[in-house]
file target.txt (compact mmCIF, C-alpha atoms and all ligand atoms)
# COMPACT_ATOMS: atom_id res chain seq x y z
CA MET I 1 70.00 114.21 67.90
CA THR I 2 68.91 117.84 67.54
CA LEU I 3 69.45 120.00 70.58
CA ARG I 4 66.66 122.38 71.39
CA ARG I 5 67.40 126.07 71.06
CA GLY I 6 68.43 127.47 74.39
CA TRP I 7 69.90 124.17 75.67
CA ARG I 8 73.24 125.87 76.30
CA SER I 9 71.64 128.27 78.73
CA LEU I 10 69.77 125.64 80.73
CA PRO I 11 70.51 126.11 84.45
CA GLY I 12 71.71 122.50 84.61
CA ARG I 13 74.69 123.39 82.44
CA THR I 14 75.87 126.04 84.88
CA LEU I 15 75.29 123.75 87.80
CA ARG I 16 77.24 120.93 86.10
CA ALA I 17 80.14 123.33 85.45
CA LEU I 18 80.13 124.45 89.09
CA VAL I 19 80.00 120.90 90.36
CA ALA I 20 82.77 119.84 87.93
CA ALA I 21 84.94 122.73 89.11
CA ARG I 22 84.75 121.19 92.57
CA GLY I 23 85.95 117.81 91.27
CA ALA I 24 82.53 116.15 91.35
CA VAL I 25 80.00 114.98 88.76
CA MET I 26 76.24 115.21 88.55
CA ALA I 27 74.80 111.82 87.69
CA PRO I 28 71.02 111.67 87.45
CA LEU I 29 69.91 108.29 88.77
CA GLY I 30 68.04 105.93 86.48
CA ALA I 31 64.57 104.59 87.17
CA GLY I 32 64.45 102.70 90.44
CA TRP I 33 67.70 104.04 91.86
CA GLU I 34 66.13 107.05 93.52
CA ALA I 35 64.41 104.60 95.83
CA GLU I 36 67.83 103.87 97.39
CA LEU I 37 68.38 107.45 98.53
CA PRO I 38 65.89 107.45 101.44
CA LEU I 39 67.77 104.48 102.95
CA ILE I 40 71.07 106.35 102.74
CA ARG I 41 69.47 109.50 104.14
CA SER I 42 67.72 107.69 106.97
CA THR I 43 71.00 105.98 107.88
CA ARG I 44 72.79 109.34 107.96
CA ARG I 45 70.08 110.68 110.27
CA LEU I 46 70.67 107.81 112.68
CA VAL I 47 74.49 107.78 112.69
CA PRO I 48 77.38 109.70 111.14
CA MET I 49 78.37 107.71 108.06
CA LEU I 50 81.87 108.28 106.67
CA LEU I 51 80.94 107.49 103.06
CA SER I 52 79.81 109.58 100.09
CA ASP I 53 76.39 108.79 98.60
CA ALA I 54 78.13 107.27 95.55
CA ALA I 55 80.20 104.97 97.77
CA ALA I 56 77.08 104.03 99.75
CA LEU I 57 75.23 103.20 96.52
CA GLN I 58 78.18 101.14 95.34
CA ILE I 59 78.00 99.01 98.47
CA LEU I 60 74.28 98.41 97.95
CA ILE I 61 74.87 97.47 94.30
CA ALA I 62 77.66 95.02 95.18
CA VAL I 63 75.74 93.40 98.05
CA ARG I 64 72.73 92.86 95.77
CA ALA I 65 75.00 91.35 93.10
CA ALA I 66 76.68 89.04 95.62
CA ARG I 67 73.68 87.88 97.57
CA HIS I 68 72.77 85.11 95.12
CA LEU I 69 76.23 83.60 95.69
CA ASP I 70 76.48 81.01 98.41
CA GLY I 71 78.45 82.85 101.06
CA ALA I 72 78.41 85.03 104.14
CA MET I 73 79.13 88.76 104.18
CA ALA I 74 81.58 90.78 106.26
CA GLU I 75 82.66 94.29 107.09
CA ALA I 76 85.96 95.16 108.76
CA GLY I 77 85.74 98.74 110.06
CA VAL I 78 82.23 99.40 111.35
CA PHE I 79 82.54 102.57 113.44
CA GLN I 80 78.94 103.49 114.32
CA GLY I 81 77.36 100.96 111.96
CA GLY I 82 76.23 103.20 109.07
CA SER I 83 77.63 101.16 106.19
CA ALA I 84 76.75 97.95 108.05
CA ARG I 85 73.10 99.11 108.10
CA LEU I 86 73.21 99.50 104.32
CA ILE I 87 74.63 96.00 103.94
CA CYS I 88 71.92 94.67 106.26
CA HIS I 89 69.18 96.21 104.12
CA ALA I 90 70.46 94.55 100.96
CA LYS I 91 71.85 91.21 102.18
CA GLY I 92 68.64 89.23 102.74
CA ASP I 93 69.22 86.30 105.10
CA ALA I 94 72.97 85.96 104.48
CA PRO I 95 75.04 85.97 107.69
CA LEU I 96 76.94 89.24 108.22
CA HIS I 97 80.14 89.30 110.30
CA LEU I 98 81.21 92.72 111.58
CA PHE I 99 84.70 93.51 112.92
CA ASP I 100 85.69 96.60 114.89
CA VAL I 101 87.48 97.44 118.13
CA PHE I 102 84.57 99.68 119.22
CA GLU I 103 85.33 100.90 122.77
CA THR I 104 87.40 97.87 123.75
CA LEU I 105 90.71 99.74 123.48
CA GLN I 106 89.41 102.59 125.60
CA THR I 107 88.39 100.33 128.44
CA SER I 108 91.62 98.29 128.55
CA ASP I 109 94.80 99.46 130.23
CA ALA I 110 96.87 101.66 127.90
CA ALA I 111 99.97 99.70 128.83
CA GLU I 112 98.34 96.52 127.48
CA ALA I 113 98.04 97.98 124.02
CA SER I 114 100.90 96.79 121.85
CA GLY I 115 101.40 95.90 118.20
CA ASP I 116 98.15 96.12 116.22
CA ALA I 117 96.25 97.47 119.22
CA ALA I 118 98.71 100.32 119.76
CA THR I 119 98.54 101.27 116.07
CA VAL I 120 94.75 101.35 116.13
CA ARG I 121 94.65 103.31 119.38
CA ASP I 122 97.22 105.84 118.16
CA HIS I 123 95.27 106.44 114.96
CA PHE I 124 91.70 106.58 116.27
CA ARG I 125 92.38 107.84 119.82
CA SER I 126 88.99 108.33 121.48
CA THR I 127 87.00 108.20 118.23
CA HIS I 128 85.11 104.92 118.14
CA GLY I 129 81.68 103.41 117.78
CA ARG I 130 79.97 101.88 120.82
CA LEU I 131 79.26 98.17 120.59
CA SER I 132 75.88 98.43 122.37
CA ALA I 133 74.76 101.27 120.06
CA VAL I 134 75.70 99.28 116.93
CA GLU I 135 73.91 96.21 118.32
CA ALA I 136 70.79 98.34 118.83
CA LEU I 137 71.05 99.91 115.35
CA LEU I 138 71.27 96.51 113.66
CA ALA I 139 68.88 94.61 115.94
CA PRO I 140 66.05 94.58 113.32
CA TYR I 141 68.16 92.54 110.90
CA PRO I 142 68.72 88.76 110.96
CA ALA I 143 72.02 86.88 111.24
CA VAL I 144 74.28 89.77 112.28
CA HIS I 145 77.39 88.69 114.22
CA ILE I 146 79.62 91.33 115.81
CA HIS I 147 83.25 90.52 116.64
CA ALA I 148 84.56 93.26 118.93
CA GLY I 149 88.31 93.66 119.37
CA VAL I 150 91.43 94.16 117.33
CA PHE I 151 91.37 92.50 113.89
CA PRO I 152 92.83 90.04 112.80
CA GLY I 153 92.81 88.56 116.32
CA THR I 154 89.00 88.52 116.20
CA ALA I 155 88.83 86.60 112.92
CA ASP I 156 89.41 83.21 114.59
CA ALA I 157 85.65 82.75 114.96
CA VAL I 158 85.11 82.72 111.19
CA THR I 159 88.11 80.83 109.79
CA ASP I 160 85.79 78.18 108.26
CA GLU I 161 83.42 80.74 106.69
CA ARG I 162 83.25 81.54 102.95
CA PHE I 163 82.33 85.07 101.86
CA ALA I 164 80.28 86.43 98.95
CA PHE I 165 80.79 90.09 99.90
CA VAL I 166 83.38 91.89 102.05
CA HIS I 167 83.67 95.60 102.82
CA LEU I 168 87.06 96.77 104.11
CA ASP I 169 87.02 100.20 105.75
CA LEU I 170 89.80 100.10 108.32
CA ASP I 171 91.70 103.27 107.33
CA LEU I 172 95.06 101.73 108.24
CA PRO I 173 97.35 100.02 105.67
CA GLY I 174 98.58 97.31 108.04
CA ALA I 175 95.07 96.27 109.08
CA THR I 176 93.97 96.41 105.42
CA ARG I 177 96.79 94.02 104.47
CA ASP I 178 95.80 91.66 107.30
CA ALA I 179 92.18 91.79 106.14
CA LEU I 180 93.09 91.04 102.51
CA GLU I 181 95.19 88.10 103.65
CA PHE I 182 92.33 86.78 105.72
CA PHE I 183 89.34 87.41 103.44
CA HIS I 184 90.74 86.92 99.94
CA PRO I 185 91.30 83.15 100.21
CA ARG I 186 87.83 82.86 101.72
CA LEU I 187 85.97 84.72 98.94
CA VAL I 188 83.81 82.44 96.79
CA PRO I 189 84.39 82.63 93.00
CA GLY I 190 82.64 85.79 91.80
CA GLY I 191 82.61 87.12 95.36
CA ILE I 192 83.04 90.90 95.66
CA LEU I 193 85.37 92.81 97.96
CA ILE I 194 85.06 96.59 98.22
CA GLY I 195 87.88 98.54 99.81
CA ASP I 196 87.51 102.10 101.05
CA ASP I 197 90.37 104.61 101.49
CA TYR I 198 91.76 103.78 98.03
CA ALA I 199 92.73 107.42 97.55
CA ASP I 200 95.18 106.94 100.42
CA ARG I 201 98.64 106.26 98.97
CA GLU I 202 99.57 103.59 101.52
CA VAL I 203 96.27 101.72 101.32
CA ARG I 204 96.46 101.76 97.51
CA ALA I 205 100.01 100.37 97.72
CA VAL I 206 98.77 97.52 99.91
CA PHE I 207 96.17 96.56 97.27
CA GLY I 208 98.74 96.96 94.50
CA ALA I 209 101.23 94.62 96.19
CA PHE I 210 98.57 92.10 97.20
CA PHE I 211 97.01 91.77 93.74
CA ALA I 212 100.22 92.13 91.69
CA ASP I 213 100.43 88.38 91.05
CA ARG I 214 96.77 87.49 91.40
CA PRO I 215 94.32 87.17 88.51
CA ASP I 216 91.35 88.93 90.13
CA ALA I 217 89.72 91.93 88.47
CA VAL I 218 90.70 95.01 90.51
CA ILE I 219 88.42 97.91 89.60
CA GLU I 220 89.24 101.41 90.80
CA LEU I 221 86.11 103.47 91.41
CA PRO I 222 86.22 107.26 91.10
CA TRP I 223 84.82 107.92 94.59
CA GLY I 224 87.73 106.53 96.61
CA GLN I 225 86.76 102.86 96.59
CA VAL I 226 88.27 99.82 94.90
CA MET I 227 86.24 96.77 93.94
CA VAL I 228 87.70 93.31 93.50
CA VAL I 229 85.88 90.40 91.89
CA ARG I 230 87.36 87.04 92.91
CA GLN I 231 88.46 84.80 90.09
CA ALA I 232 87.57 81.13 90.21
C1 LIG U 301 86.52 104.67 108.77
S1 LIG U 301 85.91 103.85 110.16
C2 LIG U 301 84.65 102.80 109.50
C3 LIG U 301 83.48 103.60 108.95
C4 LIG U 301 82.23 102.81 108.64
N1 LIG U 301 82.49 101.75 107.68
C5 LIG U 301 81.19 103.77 108.10
O1 LIG U 301 81.03 103.86 106.88
O2 LIG U 301 80.54 104.43 108.88
C6 LIG U 301 87.23 102.76 110.51
C7 LIG U 301 86.96 101.80 111.66
O3 LIG U 301 87.95 100.78 111.60
C8 LIG U 301 88.20 100.32 112.90
N2 LIG U 301 89.50 99.64 112.91
C9 LIG U 301 90.65 100.05 112.33
N3 LIG U 301 91.63 99.15 112.50
C10 LIG U 301 91.08 98.12 113.19
C11 LIG U 301 91.57 96.85 113.65
N4 LIG U 301 92.84 96.44 113.44
N5 LIG U 301 90.72 96.05 114.31
C12 LIG U 301 89.43 96.40 114.51
N6 LIG U 301 88.90 97.59 114.11
C13 LIG U 301 89.72 98.43 113.45
C14 LIG U 301 88.16 101.58 113.75
O4 LIG U 301 87.82 101.27 115.08
C15 LIG U 301 87.06 102.42 113.04
O5 LIG U 301 85.83 102.32 113.70
call {"tool": "encode", "arguments": {"input": "target.txt", "output": "structure tokens"}}
result
Amino acid sequence: MTLRRGWRSLPGRTLRALVAARGAVMAPLGAGWEAELPLIRSTRRLVPMLLSDAAALQILIAVRAARHLDGAMAEAGVFQGGSARLICHAKGDAPLHLFDVFETLQTSDAAEASGDAATVRDHFRSTHGRLSAVEALLAPYPAVHIHAGVFPGTADAVTDERFAFVHLDLDLPGATRDALEFFHPRLVPGGILIGDDYADREVRAVFGAFFADRPDAVIELPWGQVMVVRQA
């Protein structure tokens, strides 16, 4: 390939260098992918979403890949429903199970909070999504089931379910371990699990220990996520 004269002085080169100096990359999207950005932007306008655009795109890609598998979908760690809205857009008619404490810990007596509940309350304090607001945000989508309360106590309702896609975004290593123990045996072969917070040392250690003796492909993604594809 012959580079045109002047290529080195193209403004894009300077911009790439600046972006790289900040530990990021510029990745022009291929044909068709730009169409995903309005969805991510519109979701950000509706609710604060704690994901980068790359991580949001990764969720859409994985949900699309998993939706032809025969299984439900799930997200543990919903907050205000931003990433759940992305999953809803891409999932088609697949059932989606959502797990979060929402405001339930704020409205119960502090003295009642022990074990998992105390850990969650200590970490998130008064920062939480509101169940009614998430219900309203996701009302246009079919087959959305919200399980409010402390996970894994709330998982009893779906013990017989099989999952094609799971998004774990709980922040906390203990809850992440519980979620892996619950969801992994229920993933269908080829099912995809995406974990957030993989840059966190403790969360990464939980994944490392959990998958040390398992054959699944564990793929680290450069934007703080990990993706697991369930082996048959
Ligand atoms: C980082 S936020 C989720 C962000 C969301 N996925 C997004 O992209 O907007 C983490 C959420 O996990 C929830 N959470 C953490 N541990 C939990 C547990 N054991 N049970 C239920 N919810 C939990 C918190 O309430 C919080 O809303």
call {"tool": "axis_aligned_box", "arguments": {"input": "target.txt", "around": "ligand LIG 301 (chain U)", "padding_each_side": "5 Å", "output": "lines of an AutoDock Vina configuration file"}}
result
center_x = 86.7
center_y = 100.4
center_z = 111.0
size_x = 22.3
size_y = 18.6
size_z = 18.2
call {"tool": "closest_residue", "arguments": {"input": "target.txt", "among": "I:Arg130, I:Arg45, I:His97, I:Arg214", "to": "ligand LIG 301 (chain U)", "atoms": "only C-alpha atoms and all ligand atoms"}}
result
I:Arg130
call {"tool": "residues_around", "arguments": {"input": "target.txt", "residues": "I:Gly195", "least_positions_apart": "2", "cutoff": "7 Å", "atoms": "all atoms listed in the file", "output": "list in words"}}
result
His167, Leu168, Asp169, Leu193, Asp197, Tyr198, Gln225, Val226 and Met227 of chain I
call {"tool": "atom_distance", "arguments": {"input": "target.txt", "atom1": "atom CA of I:Gly224", "atom2": "atom CA of I:Asp196"}}
result
6.3 Å
call {"tool": "atom_distance", "arguments": {"input": "target.txt", "atom1": "atom CA of I:Val47", "atom2": "atom CA of I:Gly191"}}
result
28.2 Å
call {"tool": "atom_distance", "arguments": {"input": "target.txt", "atom1": "atom CA of I:Pro215", "atom2": "atom CA of I:Pro152"}}
result
24.5 Å
call {"tool": "residues_around", "arguments": {"input": "target.txt", "residues": "I:Val101", "least_positions_apart": "4", "cutoff": "9 Å", "atoms": "all atoms listed in the file", "output": "PyMOL selection string"}}
result
chain I and resi 77-79+105+117+120+128-129+131+147-151
call {"tool": "closest_residue", "arguments": {"input": "target.txt", "among": "I:Ala232, I:Ala35, I:Met49, I:Ala199", "to": "ligand LIG 301 (chain U)", "atoms": "all atoms listed in the file"}}
result
I:Met49
call {"tool": "closest_residue", "arguments": {"input": "target.txt", "among": "I:Ala133, I:Ala76, I:Ile40, I:Leu57", "to": "I:Asp171", "atoms": "all atoms listed in the file"}}
result
I:Ala76
call {"tool": "closest_residue", "arguments": {"input": "target.txt", "among": "I:Gly115, I:Pro222, I:Gly190, I:Pro142", "to": "ligand LIG 301 (chain U)", "atoms": "all atoms listed in the file"}}
result
I:Gly115
call {"tool": "closest_residue", "arguments": {"input": "target.txt", "among": "I:Ala55, I:Ala74, I:Ala20, I:Leu180", "to": "I:Ala164", "atoms": "all atoms listed in the file"}}
result
I:Ala74
call {"tool": "closest_residue", "arguments": {"input": "target.txt", "among": "I:Ala205, I:Leu18, I:Ala175, I:Ile192", "to": "ligand LIG 301 (chain U)", "atoms": "all atoms listed in the file"}}
result
I:Ala175
call {"tool": "residues_around", "arguments": {"input": "target.txt", "residues": "I:Arg177", "least_positions_apart": "6", "cutoff": "8 Å", "atoms": "all atoms listed in the file", "output": "PyMOL selection string"}}
result
chain I and resi 206-207+210
call {"tool": "residues_around", "arguments": {"input": "target.txt", "residues": "I:Val144", "least_positions_apart": "3", "cutoff": "12 Å", "atoms": "all atoms listed in the file", "output": "PyMOL selection string"}}
result
chain I and resi 72-75+81+84-85+87-89+91-99+134-141+147
call {"tool": "residues_around", "arguments": {"input": "target.txt", "residues": "I:Arg44", "least_positions_apart": "4", "cutoff": "12 Å", "atoms": "all atoms listed in the file", "output": "list in words"}}
result
Leu37, Pro38, Leu39, Ile40, Pro48, Met49, Leu50, Leu51, Ser52, Asp53, Ala56, Gln80, Gly81, Gly82, Ser83, Arg85 and Leu86 of chain I
call {"tool": "residues_near_point", "arguments": {"input": "target.txt", "point": "(84.0, 82.9, 93.1)", "cutoff": "12 Å", "atoms": "all atoms listed in the file", "output": "PDB file with C-alpha atoms, in the coordinates of the input"}}
result
ATOM      1  CA  ALA I  66      76.680  89.040  95.620  1.00  0.00           C
ATOM      2  CA  HIS I  68      72.770  85.110  95.120  1.00  0.00           C
ATOM      3  CA  LEU I  69      76.230  83.600  95.690  1.00  0.00           C
ATOM      4  CA  ASP I  70      76.480  81.010  98.410  1.00  0.00           C
ATOM      5  CA  GLY I  71      78.450  82.850 101.060  1.00  0.00           C
ATOM      6  CA  ARG I 162      83.250  81.540 102.950  1.00  0.00           C
ATOM      7  CA  PHE I 163      82.330  85.070 101.860  1.00  0.00           C
ATOM      8  CA  ALA I 164      80.280  86.430  98.950  1.00  0.00           C
ATOM      9  CA  PHE I 165      80.790  90.090  99.900  1.00  0.00           C
ATOM     10  CA  HIS I 184      90.740  86.920  99.940  1.00  0.00           C
ATOM     11  CA  PRO I 185      91.300  83.150 100.210  1.00  0.00           C
ATOM     12  CA  ARG I 186      87.830  82.860 101.720  1.00  0.00           C
ATOM     13  CA  LEU I 187      85.970  84.720  98.940  1.00  0.00           C
ATOM     14  CA  VAL I 188      83.810  82.440  96.790  1.00  0.00           C
ATOM     15  CA  PRO I 189      84.390  82.630  93.000  1.00  0.00           C
ATOM     16  CA  GLY I 190      82.640  85.790  91.800  1.00  0.00           C
ATOM     17  CA  GLY I 191      82.610  87.120  95.360  1.00  0.00           C
ATOM     18  CA  ILE I 192      83.040  90.900  95.660  1.00  0.00           C
ATOM     19  CA  LEU I 193      85.370  92.810  97.960  1.00  0.00           C
ATOM     20  CA  ASP I 216      91.350  88.930  90.130  1.00  0.00           C
ATOM     21  CA  ALA I 217      89.720  91.930  88.470  1.00  0.00           C
ATOM     22  CA  VAL I 228      87.700  93.310  93.500  1.00  0.00           C
ATOM     23  CA  VAL I 229      85.880  90.400  91.890  1.00  0.00           C
ATOM     24  CA  ARG I 230      87.360  87.040  92.910  1.00  0.00           C
ATOM     25  CA  GLN I 231      88.460  84.800  90.090  1.00  0.00           C
ATOM     26  CA  ALA I 232      87.570  81.130  90.210  1.00  0.00           C
TER      27      ALA I 232
END
call {"tool": "build_atoms", "arguments": {"input": "target.txt", "residues": "stretch 69-80 of chain I", "atoms": "all heavy atoms", "output": "tab-separated table (two decimals), in the frame of the given file"}}
result
chain	number	residue	atom	x	y	z
I	69	LEU	N	75.13	84.54	95.53
I	69	LEU	CA	76.23	83.60	95.69
I	69	LEU	C	76.08	82.92	97.05
I	69	LEU	O	75.51	83.49	97.97
I	69	LEU	CB	77.58	84.33	95.64
I	69	LEU	CG	77.87	85.13	94.36
I	69	LEU	CD1	79.12	85.97	94.54
I	69	LEU	CD2	78.00	84.18	93.19
I	70	ASP	N	76.62	81.73	97.15
I	70	ASP	CA	76.48	81.01	98.41
I	70	ASP	C	77.62	81.41	99.34
I	70	ASP	O	78.70	80.85	99.27
I	70	ASP	CB	76.52	79.50	98.10
I	70	ASP	CG	76.15	78.70	99.34
I	70	ASP	OD1	75.58	79.28	100.27
I	70	ASP	OD2	76.47	77.50	99.36
I	71	GLY	N	77.39	82.42	100.16
I	71	GLY	CA	78.45	82.85	101.06
I	71	GLY	C	77.95	83.87	102.06
I	71	GLY	O	76.91	84.50	101.87
I	72	ALA	N	78.73	84.03	103.13
I	72	ALA	CA	78.41	85.03	104.14
I	72	ALA	C	78.91	86.41	103.67
I	72	ALA	O	79.49	86.53	102.59
I	72	ALA	CB	79.09	84.66	105.45
I	73	MET	N	78.64	87.42	104.47
I	73	MET	CA	79.13	88.76	104.18
I	73	MET	C	79.92	89.27	105.39
I	73	MET	O	79.75	88.75	106.50
I	73	MET	CB	77.97	89.70	103.87
I	73	MET	CG	77.08	89.13	102.77
I	73	MET	SD	76.37	90.40	101.74
I	73	MET	CE	75.56	89.37	100.50
I	74	ALA	N	80.77	90.26	105.15
I	74	ALA	CA	81.58	90.78	106.26
I	74	ALA	C	81.91	92.24	106.04
I	74	ALA	O	81.98	92.71	104.89
I	74	ALA	CB	82.88	89.97	106.39
I	75	GLU	N	82.10	92.93	107.14
I	75	GLU	CA	82.66	94.29	107.09
I	75	GLU	C	83.71	94.40	108.17
I	75	GLU	O	83.46	94.09	109.34
I	75	GLU	CB	81.59	95.36	107.31
I	75	GLU	CG	82.17	96.77	107.29
I	75	GLU	CD	81.12	97.86	107.42
I	75	GLU	OE1	80.57	98.02	108.54
I	75	GLU	OE2	80.86	98.53	106.41
I	76	ALA	N	84.90	94.86	107.78
I	76	ALA	CA	85.96	95.16	108.76
I	76	ALA	C	86.11	96.67	108.79
I	76	ALA	O	86.49	97.28	107.78
I	76	ALA	CB	87.26	94.48	108.35
I	77	GLY	N	85.79	97.28	109.93
I	77	GLY	CA	85.74	98.74	110.06
I	77	GLY	C	84.29	99.18	110.05
I	77	GLY	O	83.74	99.51	109.01
I	78	VAL	N	83.69	99.20	111.23
I	78	VAL	CA	82.23	99.40	111.35
I	78	VAL	C	81.90	100.78	111.89
I	78	VAL	O	80.88	101.37	111.54
I	78	VAL	CB	81.65	98.31	112.29
I	78	VAL	CG1	80.15	98.50	112.53
I	78	VAL	CG2	81.91	96.91	111.72
I	79	PHE	N	82.74	101.28	112.77
I	79	PHE	CA	82.54	102.57	113.44
I	79	PHE	C	81.15	102.59	114.10
I	79	PHE	O	80.89	101.80	114.99
I	79	PHE	CB	82.76	103.72	112.45
I	79	PHE	CG	82.77	105.08	113.08
I	79	PHE	CD1	83.47	105.33	114.25
I	79	PHE	CD2	82.07	106.14	112.51
I	79	PHE	CE1	83.49	106.59	114.84
I	79	PHE	CE2	82.08	107.41	113.09
I	79	PHE	CZ	82.78	107.62	114.24
I	80	GLN	N	80.25	103.43	113.65
I	80	GLN	CA	78.94	103.49	114.32
I	80	GLN	C	77.87	102.67	113.59
I	80	GLN	O	76.68	102.75	113.90
I	80	GLN	CB	78.51	104.93	114.48
I	80	GLN	CG	79.50	105.71	115.34
I	80	GLN	CD	78.95	107.03	115.84
I	80	GLN	OE1	77.75	107.22	115.99
I	80	GLN	NE2	79.83	107.97	116.11
